[in-house]
Structure formats: C-alpha cells, structure tokens
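Q: Provided herewith is a single structure, encoded as structure tokens, for subsequent inquiry.
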Amino acid sequence: MSSITHWNRLEPRARSNDFARSLQAEIRDPLWMLARQWQVGEFVGDDAGSAVNLQLTVEQHRLKAYRNRQGQILPLDASAPLETRVEREGLVMDLRTRMQVGRHFARLLERKGIGYLYAAFVAELPIREDALGERVVVDEPSTRALELAAYRVADGAALLAVSADGKLSALIKGPKSEELELVDKAGAELLDWFELTYGPTMAAESDAWSPSHLEYQFGVAAGSPSMAGEQALLSASEYTDGNLQWYSFDQEQPLPATYDKRETVQVMPGQLEFRGMPNPRWWEFEEGRTDLGAADLHTTDLGQMLLTKFALVASDDWLVIPYEAPSGAILRVACLIVTDVFGFHTLVRPVDPGAGMPSEQWNFFGLSPAGGGSPAGNALLLPRLTSPVIESAAIEEVIFLRDEMANMAWAVEKTLPNALGEPIDVEHRLSEPPADSEQNGDDAPSLRYRLATPVATNWAPLLPVQIPGSDRAIQLEKVALVDYGQGEPLPAGRGRILNPAGVTRYTIHEEEVSRVPQRVRRSWQWTRSADGHYHLWIGRRRGAGRSRSSGLQFDVVESGH
C-alpha cells in the first residue's frame, strides 16, 4: 500500500508592524541579573569616585651636550636629529662630488654675470688623477669621467678649501675689484650650499664609531654643559642597527635639581581605549575584529599572558592624560593630583622601582643605570629622532667571520666604492686567487708542495694577538696577505671600514667576531625632520651576514700537471 507524505511548516507571523519592544531585549527577571553580577564578582570591589580632573606638573631637562667616544663634551644642536650627529662622517670627495661642486660654482658665477671667469679657475684648480687617492677602485666608468672632467671642470674640493680661507679671488689676476668681490661672494655661497646639501663638515670618521667594537658609542647630557655636577648624563654604548630609541640609553648620573622648564596643566582624563577592548557595559555588542579569546597561549609565554590579562581584566582601570611633550628632553613627573566627583584630592606617587625584592621591581619606561640594577627614578627620555629613513644601497660592505679550519678570522670586503662613489661588487671581481708565478711546462715536477694556498685579495686576515698587560686575553689584528710567489705583501683592505682614520694597527675585540658572521655596511641616509629640513649623511649599520669559505689550506701537495 503506497504511503502519503505531506509537510507542515511553521512560520512566524507578526501581529504588529512595530518591532521596538522586541529589540529592547527586556529582562523579566532582575534577580537573574543580580545573580550574574554576584557570580562574576562585581559586588566584591569597593567603587570609589570617578576622576574628573587631573593636575599634572612636569619638569623638562633639555639635552644640551654631546659626549663623543673620546669623552669630550661638546654642544648639541637641538634642531638636528640625534642620529645625524652620531652617525655622520666626513664626506669622501670622490670624482662625482668634485665635479658636482665645480659645476655648481660655475652656475653661481653665471648668476652674478661673471661666468667668463670660470675658465681661469679651471686652469688654476683642475681635477687631476692624483686627487682620487691611493685606495680608490678605478674602473672604466671612472676613467672615462676623469678624462671628460680634466681641464673642463674645476676641482670642487679645492674650491671649498680656498673659499674657507677667504682667498678665492687671489687665484686669478686681471679682473676689476668689483668682479673680485663677486667672486668672494660666490665662494661664500658655495660653502653655504655645500653645508646645506651635505651637512656640516665633520672629521674623516664619526667621532662615535668604535672600530674595535664595530658599534657607535656616545652619550648625551641634560643641564649645563660647563658644569659636570649639573648634568644628567646618558650613555649609549651599543648602537648598531640605526634604530635609536629611548631604551638605547643608560643613565650614568641622576637628574640635577635645576630644570629648564616646569609646567603645570589641568586636564580632564580620558579612558584608555584600544581595538578589541572588552566593553564595560552589559548587553553591548563588542567589536569582532580582535578576538582575544582565540589567543593560543603557552604557560612559558609570559609576554602574551600579561598582555591578554591586561586587555581582559585591567584595561578599563587606566586613564589617558593628554600632554604635548617636547622632543630632545628628559621629562620628570614632579606632581600628579587626581580630583574625583566627590571633591577628594589624591596625590599619586610614582612607583619606586628600588623597593621590594628584585623580582618585584618593575618600571615600564625607566632608564636603567649604566652599571646595572633597577631603573633610576621616574624620568622619561624623548630624544629628537628622525622619521623613517631612506637608505641607499651599501657603498661599502665588509663581512667579519671566523675560519675554524685555519684557526683565524677574516674581514671580507664585499662592496667598495669606485672613484665616482658608485658601489662595485669586488667579491666577484677579486674573488679569483692571485695567479701562480711558476710556469707549468714539460719540465714541471709531477708533485708540488705549497706552504699555503692563495686567497682572494679582498680577504683581509685577522690574526689573534695578545693584549699588552694581559696573560690570556687576546684580540684580532688585521695583517697583510703574502704572495708566496713573489714574497711581497698584498694590501689588506682598501675601504674606510678596515682603514680607520688615525689608526696604524687595526685591532678588533675577539668577542665582536662571533660564530655568526657580522656584516658592517656604509650607506647614504636621507630623512626629513619635524621642522621640514632635509638631512643627508653617511652612516654605518651592523647585522648578521652569510658565511663563506676562504679556501685557505696549509701544507698542500698538488699535482704539477
């Protein structure tokens, strides 16, 4: 017998066109809500009055002094970013820069109506081949540029040197006194243009760069530069990555009693808010873009556990105080008074990081003492830093690595600038070992003994030497390679990284060359500060590099054919 199947579908039918009451989500049992509040612990805490007014007093200590690696205290230009003062090194007057300065001087003479005098300066100050230096890599583009510039463009480096002495008009004879005055004015404008483009004239190397540590070491001070006791000295001893922040500094001296400015503001506090923050009200939909409940935490991941607990439990206990703090200063909160809705005034004291056990000491933005220990006081450092920096390709790059097979270390020059200042990959250009001086003919022996196999000329040996005055400590010293075919030493390093200015024996601390290869590179840095000025300088960066093999072997017997 066949079956008959039919369906019944239940559909809601609204009896009214007004849905306002349905969307109110009314609670018919208030006792249930009270029970839920008791269950989550809302009746345990003692609610105090809400803060309605904050009186904040801040002391400002301006950064006025700069200490270089040699310990000299120098005035600090507060208008320039701190990275430019620390990293800036003397500009290498390569062929391109000499031509650029020389051509700009010609334009200055043309603007003053005496452009016909430029030929006299070209004859007096021509660009010569000996101006390129001994260690410069001269390739085919550099040779062509030198041929074009010779006796056509005046040497820009010589023009700047003569203009600085105020003797530019003395180079030429014959023009009238009015024309000579215009020449001196053009020389002064040339100096101003060069300083505006490339920054102030510095030494050949940054006075903060430590060649033996491969890092920047410097300090800044707030207070009177002439009185050592009235300074708050901060030191940065391991700045390598180009990211200079407040945590790069350690405090060597406490804040002085005197300050540059003391400011008191009264503001209304605001509630701390962030994306994904739990809503303090019941029956309020929360934003779903941040799901804190989906965080996969491990018992050993203390950072994420603390952050999650703060976001879920204590996030609504924090207030935000709007205060515009100036950069390039050390700030200290001298007084904070909170006024609540009941009219009570509460003095909020800073957390004492030195109180309690070492495990209980905590400070979020405190400066640590230089000798270690707990953070020193409630000081907040706001250095004048740069915006995101545009970095060029490395114009010089050196890899420092260990060679366990040869029981030594190496400094490998991977990139060097040519005479025009353009980077050249010398690793592939000079990677071939020196040619063997012996000829392989019919009379050549079938076996040949080598004391050591040849190494590419861009590999500079770093041999361990004993530190004077110590029995066991050693350091690495750069030495020259030896061409065993000719018996003459080969140049060890041609760039500025391996040839620091004023150093006859280049040594590196042994711990700086670890098992992980270290890469040091020089490159152009460009940024724009908050006041709209442009800053251009050459800085150094240190990071991890790739390992490679030198191929050096001792006591080798080779076949003569």
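Letters A, B, ... mark the chains of the structure tokens in the order given; residue numbers begin at 1 per chain; ligand numbers begin at 1, in order shown.
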Give me, as number ranges by chain, all polymer residues having an atom no more than 10 Å from Gly166 (chain A), counting only C-alpha atoms and skipping those fewer than 4 positions away in the same chain.

A: A: 160-162, 170, 184-185, 187-188

Q: With N, CA and C atoms retained, write the just-selected residues as a compact mmCIF listing (two decimals), in the first residue's frame.

A:
# COMPACT_ATOMS: atom_id res chain seq x y z
N LEU A 160 86.33 74.52 -2.35
CA LEU A 160 85.84 74.65 -0.98
C LEU A 160 86.95 75.01 -0.02
N ALA A 161 88.12 74.40 -0.19
CA ALA A 161 89.23 74.69 0.71
C ALA A 161 89.69 76.14 0.58
N VAL A 162 89.79 76.64 -0.64
CA VAL A 162 90.24 78.02 -0.84
C VAL A 162 89.16 79.00 -0.39
N ALA A 170 92.06 85.61 -4.91
CA ALA A 170 93.50 85.76 -5.12
C ALA A 170 94.06 84.78 -6.14
N ASP A 184 84.36 86.40 -4.38
CA ASP A 184 84.36 86.01 -2.96
C ASP A 184 82.94 85.72 -2.47
N LYS A 185 81.97 86.49 -2.94
CA LYS A 185 80.59 86.22 -2.56
C LYS A 185 80.13 84.86 -3.10
N GLY A 187 82.09 82.33 -3.60
CA GLY A 187 82.73 81.33 -2.76
C GLY A 187 82.01 81.12 -1.44
N ALA A 188 81.51 82.21 -0.83
CA ALA A 188 80.75 82.08 0.41
C ALA A 188 79.43 81.35 0.16

Q: Quick one: everything within 6 Å of region 337-352 of chain A, counting only C-alpha atoms, minus sequence neighbours fewer than 6 positions away in the same chain. Send it as a PyMOL selection string.

A: chain A and resi 49-55

Q: Can you pull out the residues contacting region 494-497 of chain A? Cut-off 10 Å, using only C-alpha atoms, and skip same-chain residues under 2 positions away; I want them as a list in words.

A: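 Contacts, with the query itself left out: Val92, Glu134, Arg135, Val136, Val137, Ala204, Glu205, Pro211, Leu214, Ile395, Glu396, Glu397, Val398, Ala411, Glu413, Thr415, Leu416, Pro417, Asn458, Ala460, Pro491, Ala492, Asn499, Pro500, Ala501, Val520, Arg521, Arg522 and Arg540 of chain A.
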
Q: In Å, how far is it from CA of Trp524 (chain A) to CA of Gly502 (chain A)?

A: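 CA of Trp524 (chain A) sits 23.0 Å away from CA of Gly502 (chain A).
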
Q: Choose the residue, out of A:Gln245, A:Thr457, A:Thr300, A:Ser387, that has the smallest atom-to-atom separation from Ala80 (chain A); count only C-alpha atoms.

A: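 Closest to Ala80 (chain A), using only C-alpha atoms: A:Ser387.
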
Q: Could you tell me how far CA of Val44 (chain A) lies from CA of Asp316 (chain A), in Å and to one decimal?

A: 16.7 Å

Q: Find the residue from A:Leu190, A:Leu171, A:Val426, A:Ala295 that sits nearest to Ala106 (chain A); use only C-alpha atoms when measuring.

A: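 Checking each of A:Leu190, A:Leu171, A:Val426, A:Ala295 against Ala106 (chain A), counting only C-alpha atoms, the winner is A:Leu190.
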
Q: Please report, as a ChimeraX atom specification, each residue of region 131-375 of chain A to which DSSP assigns alpha helix (DSSP H) when run on this structure's backbone.

A: /A:140-149,156-165,177-198,302-309

Q: Can you list, as an MDAnalysis selection string, every protein, DNA or RNA residue that comes within 6 Å of Arg67 (chain A) when you count only C-alpha atoms, leaving out same-chain residues fewer than 6 positions away?

A: chainID A and resid 73 218:220

Q: One decimal, Å: what's the distance from CA of Tyr534 (chain A) over to CA of Leu381 (chain A), could you say?

A: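 Pair CA of Tyr534 (chain A) / CA of Leu381 (chain A) returns 24.1 Å.
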
Q: For Phe400 (chain A), list every protein, DNA or RNA residue within 7 Å, evaluated using only C-alpha atoms, and leave out those in the same chain fewer than 3 positions away; present the list as a PyMOL selection string.

A: chain A and resi 410-412+513+517-519

Q: Hey, which of A:Val503, A:Leu56, A:Val101, A:Ile538 ends up closest to Cys335 (chain A)? Count only C-alpha atoms.

A: A:Leu56

Q: Of the candidates A:Gly90, A:Gly303, A:Pro454, A:Pro322, which one gets nearest to Glu195 (chain A) if we count only C-alpha atoms?

A: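 Of the candidates, the smallest distance to Glu195 (chain A) is held by A:Gly90.
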
Q: Can you list, as a list in words, every protein, DNA or RNA residue that comes within 7 Å of Lys478 (chain A) when you count only C-alpha atoms, leaving out same-chain residues fewer than 3 positions away?

A: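 Near Lys478 (chain A), the qualifying residues are Ala460, Pro461, Leu462, Leu463, Tyr506 and Thr507 of chain A.
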
Q: Just C-alpha atoms for this one: save the residues we selected as a PDB file, in the first residue's frame.

A:
ATOM      1  CA  ALA A 460      91.967  40.517   4.948  1.00  0.00           C
ATOM      2  CA  PRO A 461      93.357  38.175   7.638  1.00  0.00           C
ATOM      3  CA  LEU A 462      92.558  38.848  11.310  1.00  0.00           C
ATOM      4  CA  LEU A 463      95.112  37.056  13.474  1.00  0.00           C
ATOM      5  CA  TYR A 506      93.647  47.991  13.287  1.00  0.00           C
ATOM      6  CA  THR A 507      92.507  45.632  16.050  1.00  0.00           C
TER       7      THR A 507
END

Q: At a cut-off of 8 Å, using only C-alpha atoms, what residues contact Ser235 (chain A)? Leave out same-chain residues fewer than 2 positions from it and give the result as a PyMOL selection string.

A: chain A and resi 217-220+233+237+249-252+370

Q: Write the residues of the preceding selection, restricted to N, CA and C atoms, as a PDB file, in the first residue's frame.

A:
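Done, and the output landed in out-v5.pdb:
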ATOM      1  N   GLN A 217      79.429  54.475  20.058  1.00  0.00           N
ATOM      2  CA  GLN A 217      79.491  54.696  21.499  1.00  0.00           C
ATOM      3  C   GLN A 217      79.506  56.202  21.745  1.00  0.00           C
ATOM      4  N   PHE A 218      78.501  56.702  22.435  1.00  0.00           N
ATOM      5  CA  PHE A 218      78.383  58.135  22.657  1.00  0.00           C
ATOM      6  C   PHE A 218      77.509  58.364  23.876  1.00  0.00           C
ATOM      7  N   GLY A 219      77.261  59.607  24.171  1.00  0.00           N
ATOM      8  CA  GLY A 219      76.405  59.973  25.289  1.00  0.00           C
ATOM      9  C   GLY A 219      75.811  61.347  25.074  1.00  0.00           C
ATOM     10  N   VAL A 220      74.743  61.645  25.781  1.00  0.00           N
ATOM     11  CA  VAL A 220      74.101  62.951  25.767  1.00  0.00           C
ATOM     12  C   VAL A 220      73.891  63.378  27.211  1.00  0.00           C
ATOM     13  N   LEU A 233      73.747  62.658  32.750  1.00  0.00           N
ATOM     14  CA  LEU A 233      74.486  62.052  31.643  1.00  0.00           C
ATOM     15  C   LEU A 233      73.864  60.708  31.286  1.00  0.00           C
ATOM     16  N   SER A 237      76.093  52.728  24.467  1.00  0.00           N
ATOM     17  CA  SER A 237      77.359  52.059  24.160  1.00  0.00           C
ATOM     18  C   SER A 237      77.247  50.974  23.111  1.00  0.00           C
ATOM     19  N   PHE A 249      69.641  54.013  25.761  1.00  0.00           N
ATOM     20  CA  PHE A 249      70.448  54.800  26.679  1.00  0.00           C
ATOM     21  C   PHE A 249      70.391  54.212  28.083  1.00  0.00           C
ATOM     22  N   ASP A 250      71.494  54.401  28.799  1.00  0.00           N
ATOM     23  CA  ASP A 250      71.597  54.095  30.220  1.00  0.00           C
ATOM     24  C   ASP A 250      71.956  55.368  30.966  1.00  0.00           C
ATOM     25  N   GLN A 251      71.447  55.483  32.191  1.00  0.00           N
ATOM     26  CA  GLN A 251      71.653  56.690  32.976  1.00  0.00           C
ATOM     27  C   GLN A 251      72.888  56.544  33.852  1.00  0.00           C
ATOM     28  N   GLU A 252      73.849  57.469  33.657  1.00  0.00           N
ATOM     29  CA  GLU A 252      75.072  57.465  34.449  1.00  0.00           C
ATOM     30  C   GLU A 252      75.005  58.419  35.634  1.00  0.00           C
ATOM     31  N   ALA A 370      73.814  52.716  34.266  1.00  0.00           N
ATOM     32  CA  ALA A 370      74.866  52.190  33.391  1.00  0.00           C
ATOM     33  C   ALA A 370      75.523  50.952  33.975  1.00  0.00           C
TER      34      ALA A 370
END

Q: Could you tell me, as a VMD selection string, which residues of region 284-480 of chain A DSSP assigns to strand (DSSP E) when given the backbone?

A: chain A and resid 319 to 320 329 to 340 345 to 347 379 to 382 390 to 391 396 to 403 408 to 417 423 to 425 447 to 452 459 to 466 474 to 478

Q: Export, as a PDB file, in the first residue's frame, the selected residues with C-alpha atoms.

A:
ATOM      1  CA  LEU A 319      43.349  56.663  32.223  1.00  0.00           C
ATOM      2  CA  VAL A 320      44.987  58.727  29.485  1.00  0.00           C
ATOM      3  CA  ALA A 329      64.479  66.473  26.520  1.00  0.00           C
ATOM      4  CA  ILE A 330      64.226  64.388  29.676  1.00  0.00           C
ATOM      5  CA  LEU A 331      60.860  64.681  31.381  1.00  0.00           C
ATOM      6  CA  ARG A 332      60.079  64.034  35.034  1.00  0.00           C
ATOM      7  CA  VAL A 333      56.613  64.000  36.552  1.00  0.00           C
ATOM      8  CA  ALA A 334      57.020  66.146  39.649  1.00  0.00           C
ATOM      9  CA  CYS A 335      53.409  66.006  40.860  1.00  0.00           C
ATOM     10  CA  LEU A 336      50.125  64.364  39.877  1.00  0.00           C
ATOM     11  CA  ILE A 337      46.920  65.211  41.789  1.00  0.00           C
ATOM     12  CA  VAL A 338      43.628  63.470  40.938  1.00  0.00           C
ATOM     13  CA  THR A 339      40.253  65.045  41.809  1.00  0.00           C
ATOM     14  CA  ASP A 340      37.191  62.784  41.835  1.00  0.00           C
ATOM     15  CA  HIS A 345      42.152  65.200  46.048  1.00  0.00           C
ATOM     16  CA  THR A 346      44.564  62.268  45.798  1.00  0.00           C
ATOM     17  CA  LEU A 347      48.318  62.614  45.305  1.00  0.00           C
ATOM     18  CA  ALA A 379      62.487  60.041  34.181  1.00  0.00           C
ATOM     19  CA  LEU A 380      61.242  59.717  30.607  1.00  0.00           C
ATOM     20  CA  LEU A 381      63.647  60.338  27.716  1.00  0.00           C
ATOM     21  CA  LEU A 382      62.295  61.753  24.466  1.00  0.00           C
ATOM     22  CA  ILE A 390      65.513  56.279   3.265  1.00  0.00           C
ATOM     23  CA  GLU A 391      68.670  54.197   2.943  1.00  0.00           C
ATOM     24  CA  GLU A 396      80.855  49.668   1.237  1.00  0.00           C
ATOM     25  CA  GLU A 397      80.248  46.313   2.867  1.00  0.00           C
ATOM     26  CA  VAL A 398      82.545  44.094   4.938  1.00  0.00           C
ATOM     27  CA  ILE A 399      81.842  40.629   6.355  1.00  0.00           C
ATOM     28  CA  PHE A 400      83.659  39.630   9.568  1.00  0.00           C
ATOM     29  CA  LEU A 401      83.732  35.859  10.052  1.00  0.00           C
ATOM     30  CA  ARG A 402      85.652  33.079  11.756  1.00  0.00           C
ATOM     31  CA  ASP A 403      87.586  30.352   9.961  1.00  0.00           C
ATOM     32  CA  MET A 408      91.831  32.614  12.384  1.00  0.00           C
ATOM     33  CA  ALA A 409      89.287  35.229  11.333  1.00  0.00           C
ATOM     34  CA  TRP A 410      88.714  37.181   8.135  1.00  0.00           C
ATOM     35  CA  ALA A 411      87.393  40.552   7.068  1.00  0.00           C
ATOM     36  CA  VAL A 412      85.939  40.142   3.569  1.00  0.00           C
ATOM     37  CA  GLU A 413      85.316  43.289   1.553  1.00  0.00           C
ATOM     38  CA  LYS A 414      82.216  42.543  -0.480  1.00  0.00           C
ATOM     39  CA  THR A 415      81.448  46.023  -1.839  1.00  0.00           C
ATOM     40  CA  LEU A 416      83.665  49.050  -2.357  1.00  0.00           C
ATOM     41  CA  PRO A 417      83.017  52.440  -3.979  1.00  0.00           C
ATOM     42  CA  PRO A 423      79.282  50.658  -5.297  1.00  0.00           C
ATOM     43  CA  ILE A 424      81.197  47.853  -7.014  1.00  0.00           C
ATOM     44  CA  ASP A 425      80.822  44.182  -6.161  1.00  0.00           C
ATOM     45  CA  LEU A 447     104.139  16.947  -7.478  1.00  0.00           C
ATOM     46  CA  ARG A 448     104.458  20.362  -5.928  1.00  0.00           C
ATOM     47  CA  TYR A 449     104.407  21.427  -2.284  1.00  0.00           C
ATOM     48  CA  ARG A 450     102.598  24.584  -1.177  1.00  0.00           C
ATOM     49  CA  LEU A 451     103.117  26.183   2.178  1.00  0.00           C
ATOM     50  CA  ALA A 452      99.671  27.794   1.845  1.00  0.00           C
ATOM     51  CA  TRP A 459      90.081  38.782   2.124  1.00  0.00           C
ATOM     52  CA  ALA A 460      91.967  40.517   4.948  1.00  0.00           C
ATOM     53  CA  PRO A 461      93.357  38.175   7.638  1.00  0.00           C
ATOM     54  CA  LEU A 462      92.558  38.848  11.310  1.00  0.00           C
ATOM     55  CA  LEU A 463      95.112  37.056  13.474  1.00  0.00           C
ATOM     56  CA  PRO A 464      94.945  36.691  17.263  1.00  0.00           C
ATOM     57  CA  VAL A 465      97.479  38.771  19.209  1.00  0.00           C
ATOM     58  CA  GLN A 466      97.948  39.067  22.935  1.00  0.00           C
ATOM     59  CA  ILE A 474      93.650  38.292  23.022  1.00  0.00           C
ATOM     60  CA  GLN A 475      92.326  40.494  20.266  1.00  0.00           C
ATOM     61  CA  LEU A 476      92.254  40.260  16.482  1.00  0.00           C
ATOM     62  CA  GLU A 477      94.647  42.335  14.402  1.00  0.00           C
ATOM     63  CA  LYS A 478      94.441  42.977  10.682  1.00  0.00           C
TER      64      LYS A 478
END

Q: Using only C-alpha atoms, find the one residue out of A:Gly288, A:Val40, A:Leu420, A:Ser212 that sits nearest to Glu510 (chain A).

A: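 That would be A:Ser212, the residue with the smallest distance to Glu510 (chain A).
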
Q: May I ask which of the residues A:Arg275, A:Arg128, A:Arg472, A:His61 is the closest one to Pro254 (chain A), counting only C-alpha atoms?

A: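 Checking each candidate against Pro254 (chain A), we get A:His61 as the closest.
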